[in-house]
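Colleague: See model.txt below, with compact mmCIF, C-alpha atoms and all ligand atoms.
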# COMPACT_ATOMS: atom_id res chain seq x y z
CA MET A 5 18.13 161.62 32.17
CA GLN A 6 17.06 165.06 33.33
CA ALA A 7 19.40 167.38 35.17
CA GLN A 8 19.51 166.91 38.93
CA THR A 9 16.90 168.86 40.86
CA LEU A 10 16.74 170.29 44.35
CA LYS A 11 13.74 170.91 46.61
CA VAL A 12 13.52 174.52 47.75
CA ARG A 13 11.08 176.55 49.82
CA VAL A 14 9.95 180.06 48.95
CA ASP A 15 10.94 182.25 51.92
CA ALA A 16 9.82 185.60 50.54
CA LEU A 17 8.10 187.17 47.55
CA ARG A 18 8.69 190.76 46.52
CA GLU A 19 6.94 192.93 43.97
CA GLU A 20 9.94 194.42 42.16
CA ALA A 21 8.12 196.28 39.40
CA HIS A 22 4.87 196.21 37.50
CA GLY A 23 4.29 192.49 36.79
CA VAL A 24 7.71 191.44 38.10
CA ARG A 25 8.00 189.42 41.30
CA SER A 26 11.16 188.11 42.92
CA PHE A 27 11.30 184.76 44.68
CA ILE A 28 13.76 184.24 47.53
CA ILE A 29 14.33 180.54 48.07
CA SER A 30 16.27 178.30 50.46
CA ARG A 31 16.96 174.59 50.40
CA VAL A 32 14.39 172.40 52.12
CA ASP A 33 17.24 170.33 53.60
CA LYS A 34 18.63 173.58 55.14
CA LEU A 35 22.05 173.06 53.53
CA PRO A 36 23.76 175.97 51.83
CA PHE A 37 23.55 176.27 48.06
CA GLU A 38 26.61 175.41 46.04
CA ARG A 39 28.70 178.24 44.61
CA HIS A 40 27.57 179.67 41.30
CA GLU A 41 29.07 182.34 39.13
CA PRO A 42 27.19 185.56 38.24
CA GLY A 43 25.12 185.23 35.08
CA ALA A 44 24.00 181.68 35.94
CA HIS A 45 20.42 180.54 35.53
CA ILE A 46 18.38 177.71 37.01
CA ASP A 47 15.49 175.60 35.79
CA VAL A 48 12.41 176.23 37.92
CA THR A 49 9.46 173.85 37.83
CA SER A 50 6.29 175.84 38.39
CA PRO A 51 3.29 174.33 40.24
CA SER A 52 1.76 173.75 36.79
CA GLY A 53 4.67 171.40 36.02
CA ILE A 54 6.17 173.67 33.36
CA VAL A 55 9.94 174.12 33.52
CA ARG A 56 11.40 177.52 32.69
CA GLN A 57 14.84 179.06 33.02
CA TYR A 58 15.38 182.07 35.27
CA SER A 59 18.57 183.96 36.03
CA LEU A 60 19.83 184.04 39.58
CA CYS A 61 19.86 187.71 40.46
CA GLY A 62 20.99 187.79 44.09
CA ASP A 63 24.47 188.17 45.52
CA PRO A 64 26.50 185.19 44.25
CA GLU A 65 28.38 185.21 47.57
CA CYS A 66 25.16 184.39 49.45
CA PHE A 67 24.81 180.65 49.94
CA GLU A 68 21.84 180.54 52.35
CA SER A 69 19.35 181.73 49.76
CA GLN A 70 18.98 182.31 46.05
CA THR A 71 16.84 184.88 44.26
CA PHE A 72 15.21 184.76 40.86
CA ALA A 73 12.63 187.10 39.35
CA VAL A 74 9.71 186.35 37.06
CA LYS A 75 7.85 188.65 34.76
CA LYS A 76 4.23 187.63 34.37
CA GLU A 77 3.87 187.13 30.64
CA GLU A 78 0.44 187.78 29.18
CA GLN A 79 1.05 185.03 26.62
CA SER A 80 2.32 182.63 29.29
CA ARG A 81 1.74 178.96 28.57
CA GLY A 82 1.57 178.43 32.34
CA GLY A 83 5.15 178.97 33.54
CA SER A 84 5.22 182.59 34.68
CA ARG A 85 1.47 182.70 35.32
CA SER A 86 1.64 179.67 37.57
CA LEU A 87 4.61 181.07 39.51
CA HIS A 88 2.78 184.37 40.01
CA ASP A 89 -0.65 182.97 40.81
CA GLU A 90 0.04 179.70 42.62
CA VAL A 91 3.21 180.27 44.63
CA LYS A 92 2.99 181.65 48.16
CA VAL A 93 5.55 182.03 50.93
CA GLY A 94 6.21 178.46 52.10
CA THR A 95 5.48 176.83 48.72
CA GLU A 96 8.01 174.15 47.79
CA LEU A 97 9.45 174.10 44.27
CA SER A 98 11.95 172.02 42.34
CA VAL A 99 14.91 173.82 40.85
CA GLY A 100 17.89 172.64 38.85
CA ALA A 101 21.56 173.24 39.47
CA PRO A 102 22.87 176.59 38.20
CA ARG A 103 24.23 176.65 34.67
CA ASN A 104 26.12 179.54 33.19
CA LEU A 105 26.33 180.53 29.55
CA PHE A 106 26.75 184.20 30.38
CA GLN A 107 29.94 184.63 32.33
CA LEU A 108 31.90 187.68 33.30
CA ALA A 109 35.19 187.94 31.43
CA GLU A 110 37.82 187.81 34.14
CA THR A 111 40.39 189.65 32.02
CA ALA A 112 38.16 192.58 30.99
CA SER A 113 39.48 196.01 31.90
CA GLU A 114 35.96 197.40 32.07
CA HIS A 115 32.44 195.91 32.01
CA ILE A 116 29.48 197.55 30.29
CA LEU A 117 26.20 195.88 31.27
CA ILE A 118 23.16 196.81 29.17
CA GLY A 119 19.79 195.36 30.17
CA ALA A 120 16.17 195.94 29.26
CA GLY A 121 13.11 194.95 31.27
CA ILE A 122 13.45 191.59 33.02
CA GLY A 123 16.87 191.30 31.33
CA ILE A 124 18.23 193.16 34.35
CA THR A 125 18.31 189.90 36.33
CA PRO A 126 21.58 188.25 35.23
CA LEU A 127 23.23 191.68 35.05
CA LEU A 128 22.30 192.31 38.69
CA SER A 129 24.22 189.27 39.90
CA MET A 130 27.16 190.43 37.76
CA ALA A 131 26.91 193.87 39.37
CA TYR A 132 27.15 192.29 42.85
CA ARG A 133 30.40 190.57 41.88
CA LEU A 134 31.87 193.57 40.09
CA ALA A 135 31.03 195.92 42.97
CA ALA A 136 32.58 193.50 45.48
CA ARG A 137 35.75 193.45 43.39
CA HIS A 138 35.76 197.24 42.93
CA ALA A 139 35.85 196.59 39.18
CA ARG A 140 35.20 199.30 36.62
CA PHE A 141 31.64 198.85 35.41
CA THR A 142 28.46 200.62 34.31
CA LEU A 143 25.00 199.13 34.38
CA HIS A 144 22.68 200.67 31.78
CA TYR A 145 19.08 199.77 32.52
CA PHE A 146 16.35 200.43 29.94
CA ALA A 147 12.73 200.30 31.10
CA ARG A 148 9.41 201.71 29.98
CA SER A 149 8.98 203.75 33.16
CA LYS A 150 10.17 203.74 36.76
CA GLN A 151 7.18 201.53 37.63
CA HIS A 152 8.42 198.99 35.08
CA ALA A 153 12.03 199.09 36.32
CA ALA A 154 12.70 196.21 38.73
CA PHE A 155 15.00 196.27 41.77
CA MET A 156 15.12 200.06 41.84
CA THR A 157 15.45 200.29 45.64
CA LEU A 158 18.56 198.16 45.37
CA LEU A 159 19.92 199.90 42.29
CA ASP A 160 19.40 203.34 43.83
CA SER A 161 21.53 202.37 46.85
CA PRO A 162 25.22 201.74 47.41
CA PRO A 163 27.22 199.97 46.11
CA PHE A 164 25.23 200.07 42.85
CA ALA A 165 23.90 203.63 42.57
CA ALA A 166 27.20 205.12 41.40
CA HIS A 167 27.36 202.57 38.56
CA VAL A 168 23.75 202.64 37.33
CA GLN A 169 22.45 204.69 34.43
CA LEU A 170 18.70 204.48 34.02
CA HIS A 171 17.14 204.98 30.57
CA LEU A 172 13.38 205.37 30.92
CA GLY A 173 10.79 205.51 28.15
CA VAL A 174 13.28 205.63 25.28
CA GLU A 175 11.41 205.72 21.98
CA PRO A 176 12.38 202.99 19.49
CA GLU A 177 13.78 205.47 17.00
CA ALA A 178 16.04 206.97 19.68
CA LEU A 179 17.33 203.62 20.91
CA PRO A 180 20.25 203.06 18.47
CA ALA A 181 21.76 206.46 19.31
CA GLN A 182 21.34 205.85 23.06
CA LEU A 183 23.00 202.46 22.78
CA ASP A 184 25.83 203.97 20.75
CA ALA A 185 26.31 206.43 23.59
CA CYS A 186 26.41 203.59 26.14
CA VAL A 187 29.43 202.03 24.43
CA LEU A 188 31.02 205.25 23.16
CA GLU A 189 33.63 205.36 25.92
CA ALA A 190 34.41 201.64 25.82
CA GLY A 191 38.17 201.37 26.09
CA ALA A 192 40.43 198.63 24.78
CA GLY A 193 39.75 195.55 26.84
CA ALA A 194 36.15 196.48 27.62
CA HIS A 195 33.50 193.74 27.51
CA VAL A 196 29.81 194.36 26.81
CA TYR A 197 27.04 192.18 28.27
CA THR A 198 23.38 192.40 27.32
CA CYS A 199 20.12 190.73 28.22
CA GLY A 200 16.62 191.74 27.16
CA PRO A 201 14.22 191.29 24.26
CA ALA A 202 15.91 189.93 21.12
CA PRO A 203 15.50 193.11 19.01
CA PHE A 204 17.02 195.14 21.85
CA MET A 205 19.99 192.81 22.12
CA ASP A 206 20.47 192.90 18.35
CA LEU A 207 20.78 196.68 18.56
CA VAL A 208 23.21 196.44 21.48
CA VAL A 209 25.37 194.03 19.47
CA GLN A 210 25.22 196.40 16.51
CA SER A 211 26.43 199.32 18.63
CA ALA A 212 29.00 197.28 20.53
CA GLN A 213 30.51 195.79 17.37
CA ALA A 214 31.72 199.22 16.37
CA ARG A 215 33.73 199.47 19.59
CA VAL A 216 34.85 196.04 20.81
CA PRO A 217 35.72 192.68 19.21
CA ALA A 218 32.94 190.13 18.72
CA ASP A 219 34.26 187.88 21.48
CA ALA A 220 33.95 190.76 23.95
CA ILE A 221 30.17 190.90 23.44
CA HIS A 222 28.11 188.54 25.59
CA LEU A 223 24.37 187.97 25.52
CA GLU A 224 21.77 185.83 27.23
CA ARG A 225 18.54 184.75 25.59
CA PHE A 226 15.66 183.13 27.40
CA LYS A 227 13.02 182.87 24.76
CA ALA A 228 13.32 180.80 21.66
CA GLU A 229 13.07 182.82 18.52
CA PRO A 230 12.13 181.16 15.27
CA ALA A 231 14.85 178.63 14.51
CA ALA A 232 17.51 179.90 12.19
CA PRO A 233 16.67 178.80 8.65
CA ALA A 234 18.55 175.77 7.49
CA SER A 235 21.51 176.74 5.35
CA ASP A 236 22.17 175.14 1.98
CA ALA A 237 24.92 173.17 3.68
CA SER A 238 22.53 171.57 6.20
CA LEU A 239 21.93 167.86 5.61
CA ASP A 240 18.47 166.30 5.89
CA SER A 241 19.95 163.25 7.50
CA PHE A 242 23.37 162.46 8.87
CA ASP A 243 25.15 160.09 11.24
CA VAL A 244 26.18 160.76 14.81
CA GLN A 245 29.05 158.71 16.14
CA ILE A 246 29.74 158.18 19.85
CA ALA A 247 33.46 158.87 20.37
CA SER A 248 33.85 156.55 23.35
CA THR A 249 32.38 153.45 21.68
CA GLY A 250 32.40 154.13 17.95
CA GLN A 251 28.66 153.36 17.84
CA THR A 252 26.79 155.24 15.11
CA VAL A 253 23.16 156.30 14.83
CA ARG A 254 21.35 157.96 11.94
CA VAL A 255 19.53 161.27 12.55
CA ASP A 256 16.72 161.66 10.02
CA ALA A 257 14.90 164.82 8.99
CA ASP A 258 12.06 164.29 11.48
CA HIS A 259 14.12 163.70 14.59
CA SER A 260 16.65 165.59 16.67
CA ILE A 261 20.07 164.38 17.74
CA VAL A 262 18.60 163.99 21.24
CA ASP A 263 15.87 161.69 19.81
CA ALA A 264 18.36 159.65 17.79
CA LEU A 265 20.67 159.16 20.77
CA ALA A 266 17.73 158.17 22.97
CA SER A 267 16.80 155.50 20.42
CA ILE A 268 20.09 153.73 21.17
CA GLY A 269 19.78 154.22 24.92
CA ILE A 270 21.93 157.32 25.28
CA GLU A 271 20.13 160.03 27.22
CA VAL A 272 21.23 163.65 26.90
CA ASP A 273 20.05 166.10 29.58
CA THR A 274 17.51 168.53 28.15
CA SER A 275 15.42 171.32 29.58
CA CYS A 276 14.03 173.92 27.18
CA GLY A 277 14.19 171.76 24.05
CA GLU A 278 14.29 175.02 22.07
CA GLY A 279 17.97 175.84 21.89
CA VAL A 280 18.01 178.53 24.55
CA CYS A 281 19.20 177.01 27.82
CA GLY A 282 22.33 175.06 26.88
CA THR A 283 21.47 172.00 28.97
CA CYS A 284 21.92 169.65 26.01
CA MET A 285 25.35 170.97 24.99
CA VAL A 286 27.80 168.24 24.00
CA ASP A 287 31.41 168.59 22.85
CA VAL A 288 32.07 167.88 19.19
CA VAL A 289 35.14 165.80 18.37
CA SER A 290 34.88 166.13 14.58
CA GLY A 291 32.42 167.13 11.90
CA GLU A 292 30.72 170.44 11.19
CA PRO A 293 27.57 171.27 13.18
CA GLU A 294 24.72 173.30 11.71
CA HIS A 295 24.09 175.52 14.73
CA ARG A 296 20.40 176.25 15.18
CA ASP A 297 20.43 177.24 18.85
CA HIS A 298 20.19 180.68 20.43
CA CYS A 299 22.64 180.24 23.28
CA LEU A 300 26.15 179.57 21.98
CA SER A 301 28.53 182.49 21.66
CA LYS A 302 29.93 183.53 18.30
CA THR A 303 33.28 182.08 19.34
CA GLU A 304 31.73 178.72 20.27
CA ARG A 305 29.87 178.60 16.96
CA ALA A 306 32.96 179.46 14.97
CA SER A 307 35.04 176.83 16.75
CA ASN A 308 32.43 174.10 16.09
CA SER A 309 33.64 172.51 19.32
CA VAL A 310 30.20 172.19 20.91
CA ILE A 311 26.63 171.57 19.75
CA CYS A 312 23.13 171.92 21.25
CA CYS A 313 21.69 168.51 20.50
CA CYS A 314 18.03 169.49 20.88
CA VAL A 315 17.84 171.71 17.79
CA SER A 316 21.13 171.75 15.92
CA ARG A 317 22.00 169.52 12.99
CA SER A 318 24.97 168.75 10.80
CA ARG A 319 26.63 169.99 7.64
CA SER A 320 28.93 166.97 7.45
CA PRO A 321 27.78 163.38 6.84
CA VAL A 322 29.17 162.32 10.23
CA LEU A 323 29.33 164.21 13.51
CA VAL A 324 31.50 162.64 16.20
CA LEU A 325 30.36 163.64 19.67
CA ASP A 326 32.35 163.42 22.90
CA ILE A 327 30.00 161.03 24.66
S1 LIG A 401 17.62 171.65 25.94
FE1 LIG A 401 17.87 173.79 26.13
S2 LIG A 401 19.30 174.23 24.55
FE2 LIG A 401 18.84 172.15 24.25
Mind turning this structure into structure tokens?
Ligand code: FES

Modeller:
Amino acid sequence: MQAQTLKVRVDALREEAHGVRSFIISRVDKLPFERHEPGAHIDVTSPSGIVRQYSLCGDPECFESQTFAVKKEEQSRGGSRSLHDEVKVGTELSVGAPRNLFQLAETASEHILIGAGIGITPLLSMAYRLAARHARFTLHYFARSKQHAAFMTLLDSPPFAAHVQLHLGVEPEALPAQLDACVLEAGAGAHVYTCGPAPFMDLVVQSAQARVPADAIHLERFKAEPAAPASDASLDSFDVQIASTGQTVRVDADHSIVDALASIGIEVDTSCGEGVCGTCMVDVVSGEPEHRDHCLSKTERASNSVICCCVSRSRSPVLVLDI
């Protein structure tokens, strides 16, 4: 069973920066979109048939249209290239319902958003919400040059301009100090959010950890990195038990939990299949997961209350899942 999809039409395309195009879409059935929270992403099926996840980056209070932006990747396996080369105004696409693994912390006293490159997209939708609520926030945007910085017309205008700090052409050796400076003034109760290339986000986390607790640092990954190496505690094979029926299925070394469940007729929604999108998340009733995804928060990992079934495994002989 794949997640539910919606037919949409591309109403406008905008060149937002070098190699970055935004897509403004509306529902083919003319109905308004359902509410989504800032930070959400959707699955987009490109004309080539490849499904990729893209953050919604428009105003979350706009229900007539949604906006997502795509960077044309040189190494694209067809997703971003197809969206750039084959989509015109009027093209119909399939998109999934918004999912959100990157939410604003409602109780934060202050929000520090730190994005690099195309990582600006989820932070932009957060900025819409924070500006509408007159919340205390700063959006730090790192880009190679002004030509590589997307949405600059928007970010240079009210209500965002007063909150945006642009960091252009920062050399790698200067980056840690600049990121330290971004979080230097973080007060008690501040939350830090980051999206961008993995090494960039690692540095943001490093800087932020010196100022705020781990559960006040939020990040969004869109590309699978190499899977985390299996720990010594990871089991080659283990059993998964279905909490609602007691049925058990063995997961061997060559198959995922998703595969094993499918073999007994239980379909888990999947999208990326690489541990980045969170579509296949299932609640854990008991047992100790071996987390091998890139999307759960530190708190979720530590609690062992949820597992991404496409890549993660088990450290206990039996994992009981809330299915
Ligand atoms: S399908 Fe995307 S995380 Fe599992």

Colleague: Would you compute the distance between atom CA of A:Gly191 and atom CA of A:Asp206? Give it in Å to one decimal.

Modeller: 21.1 Å

Colleague: Determine, using only C-alpha atoms, which residues of stretch 182-241 of chain A have any atom at most 10 Å from an atom of stretch 113-122 of chain A, and tabulate each with its shortest atom pair and distance in Å to one decimal place, rows ordered by chain and then rising number, as a Markdown table.

Modeller:
| residue | atom | partner | partner_atom | distance |
| --- | --- | --- | --- | --- |
| A:Leu183 | CA | A:Ile118 | CA | 8.5 |
| A:Cys186 | CA | A:Ile116 | CA | 7.9 |
| A:Val187 | CA | A:Ile116 | CA | 7.4 |
| A:Glu189 | CA | A:Ile116 | CA | 9.9 |
| A:Ala190 | CA | A:Glu114 | CA | 7.7 |
| A:Gly191 | CA | A:Glu114 | CA | 7.5 |
| A:Ala192 | CA | A:Ser113 | CA | 7.6 |
| A:Gly193 | CA | A:Ser113 | CA | 5.1 |
| A:Ala194 | CA | A:Glu114 | CA | 4.5 |
| A:His195 | CA | A:His115 | CA | 5.1 |
| A:Val196 | CA | A:Ile116 | CA | 4.7 |
| A:Tyr197 | CA | A:Leu117 | CA | 4.8 |
| A:Thr198 | CA | A:Ile118 | CA | 4.8 |
| A:Cys199 | CA | A:Gly119 | CA | 5.0 |
| A:Gly200 | CA | A:Ala120 | CA | 4.7 |
| A:Pro201 | CA | A:Ala120 | CA | 7.1 |
| A:Phe204 | CA | A:Ala120 | CA | 7.5 |
| A:Met205 | CA | A:Gly119 | CA | 8.4 |
| A:Val208 | CA | A:Ile118 | CA | 7.7 |
| A:Ala212 | CA | A:Ile116 | CA | 9.8 |
| A:Ala220 | CA | A:His115 | CA | 9.7 |
| A:Ile221 | CA | A:Ile116 | CA | 9.6 |
| A:His222 | CA | A:Leu117 | CA | 9.5 |
| A:Leu223 | CA | A:Ile118 | CA | 9.6 |

Colleague: Using Å and a single decimal, report how far atom CA of A:Tyr145 sits from atom CA of A:Gln169.

Modeller: 6.3 Å

Colleague: Calculated over only C-alpha atoms and all ligand atoms, which of the candidates A:Arg39, A:Arg215, A:His45, A:Arg25 has the smallest distance to ligand LIG 401 (chain A)?

Modeller: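 Closest to ligand LIG 401 (chain A), using only C-alpha atoms and all ligand atoms: A:His45.
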
Colleague: Go through A:Gly279, A:Pro163, A:Gly83, A:Pro42 and flag the residue nearest A:His295, using all atoms listed in the file for the distances.

Modeller: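 Of the candidates, the smallest distance to A:His295 is held by A:Gly279.
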
Colleague: Do you know which residues are within 8 Å of ligand LIG 401 (chain A) using all atoms listed in the file? Can you write them as a PDB file with C-alpha atoms, in the coordinates of the input?

Modeller:
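Result went into out00.pdb, see below:
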ATOM      1  CA  ASP A 273      20.050 166.100  29.580  1.00  0.00           C
ATOM      2  CA  THR A 274      17.510 168.530  28.150  1.00  0.00           C
ATOM      3  CA  SER A 275      15.420 171.320  29.580  1.00  0.00           C
ATOM      4  CA  CYS A 276      14.030 173.920  27.180  1.00  0.00           C
ATOM      5  CA  GLY A 277      14.190 171.760  24.050  1.00  0.00           C
ATOM      6  CA  GLU A 278      14.290 175.020  22.070  1.00  0.00           C
ATOM      7  CA  GLY A 279      17.970 175.840  21.890  1.00  0.00           C
ATOM      8  CA  VAL A 280      18.010 178.530  24.550  1.00  0.00           C
ATOM      9  CA  CYS A 281      19.200 177.010  27.820  1.00  0.00           C
ATOM     10  CA  GLY A 282      22.330 175.060  26.880  1.00  0.00           C
ATOM     11  CA  THR A 283      21.470 172.000  28.970  1.00  0.00           C
ATOM     12  CA  CYS A 284      21.920 169.650  26.010  1.00  0.00           C
ATOM     13  CA  MET A 285      25.350 170.970  24.990  1.00  0.00           C
ATOM     14  CA  ASP A 297      20.430 177.240  18.850  1.00  0.00           C
ATOM     15  CA  HIS A 298      20.190 180.680  20.430  1.00  0.00           C
ATOM     16  CA  CYS A 299      22.640 180.240  23.280  1.00  0.00           C
ATOM     17  CA  CYS A 312      23.130 171.920  21.250  1.00  0.00           C
ATOM     18  CA  CYS A 313      21.690 168.510  20.500  1.00  0.00           C
ATOM     19  CA  CYS A 314      18.030 169.490  20.880  1.00  0.00           C
ATOM     20  CA  VAL A 315      17.840 171.710  17.790  1.00  0.00           C
TER      21      VAL A 315
END

Colleague: Using all atoms listed in the file, which of A:Ala306, A:Gly291, A:Glu65, A:Ile327 sits nearest A:Ile270?

Modeller: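 Closest to A:Ile270 of all the choices is A:Ile327.
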
Colleague: Show which residues sit within 8 Å of A:Ser260, as a ChimeraX atom specification. Count only C-alpha atoms, and ignore same-chain residues fewer than 3 positions away.

Modeller: /A:255-257,263-264,313-317

Colleague: Would you work out the distance separating atom CA of A:Leu265 from atom CA of A:Ser290, expressed in Å to one decimal?

Modeller: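 Atom CA of A:Ser290 lies at a distance of 17.0 Å from atom CA of A:Leu265.
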
Colleague: Excluding same-chain residues fewer than 2 positions from A:Val253, what lies within 12 Å of it counting all atoms listed in the file, as number ranges by chain?

Modeller: A: 241-247, 249-251, 255-256, 259-270, 321-325

Colleague: Have a look at A:Asp89, A:Asp63, A:Asp15, A:Glu292 and name the one nearest to A:Leu158; count only C-alpha atoms.

Modeller: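 Among A:Asp89, A:Asp63, A:Asp15, A:Glu292, it is A:Asp63 that comes nearest to A:Leu158.
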
Colleague: Ranking A:Ala178, A:Leu207, A:Ala131, A:Ala139 by minimum distance to A:Glu110 and counting all atoms listed in the file, which one comes first?

Modeller: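 The closest residue to A:Glu110 is A:Ala139.
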
Colleague: A:Phe72, A:Pro162, A:Gln151, A:Leu105: which is nearest A:Ser129, counting all atoms listed in the file?

Modeller: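 Checking each of A:Phe72, A:Pro162, A:Gln151, A:Leu105 against A:Ser129, counting all atoms listed in the file, the winner is A:Phe72.
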
Colleague: Considering only C-alpha atoms, return as a list in words whatever protein or nucleic-acid residues lie within 9 Å of A:Val174, sequence-local ones (same chain, fewer than 6 positions apart) excluded.

Modeller: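 In the requested form, the answer reads Phe146, Ala147, Arg148 and Gln182 of chain A.
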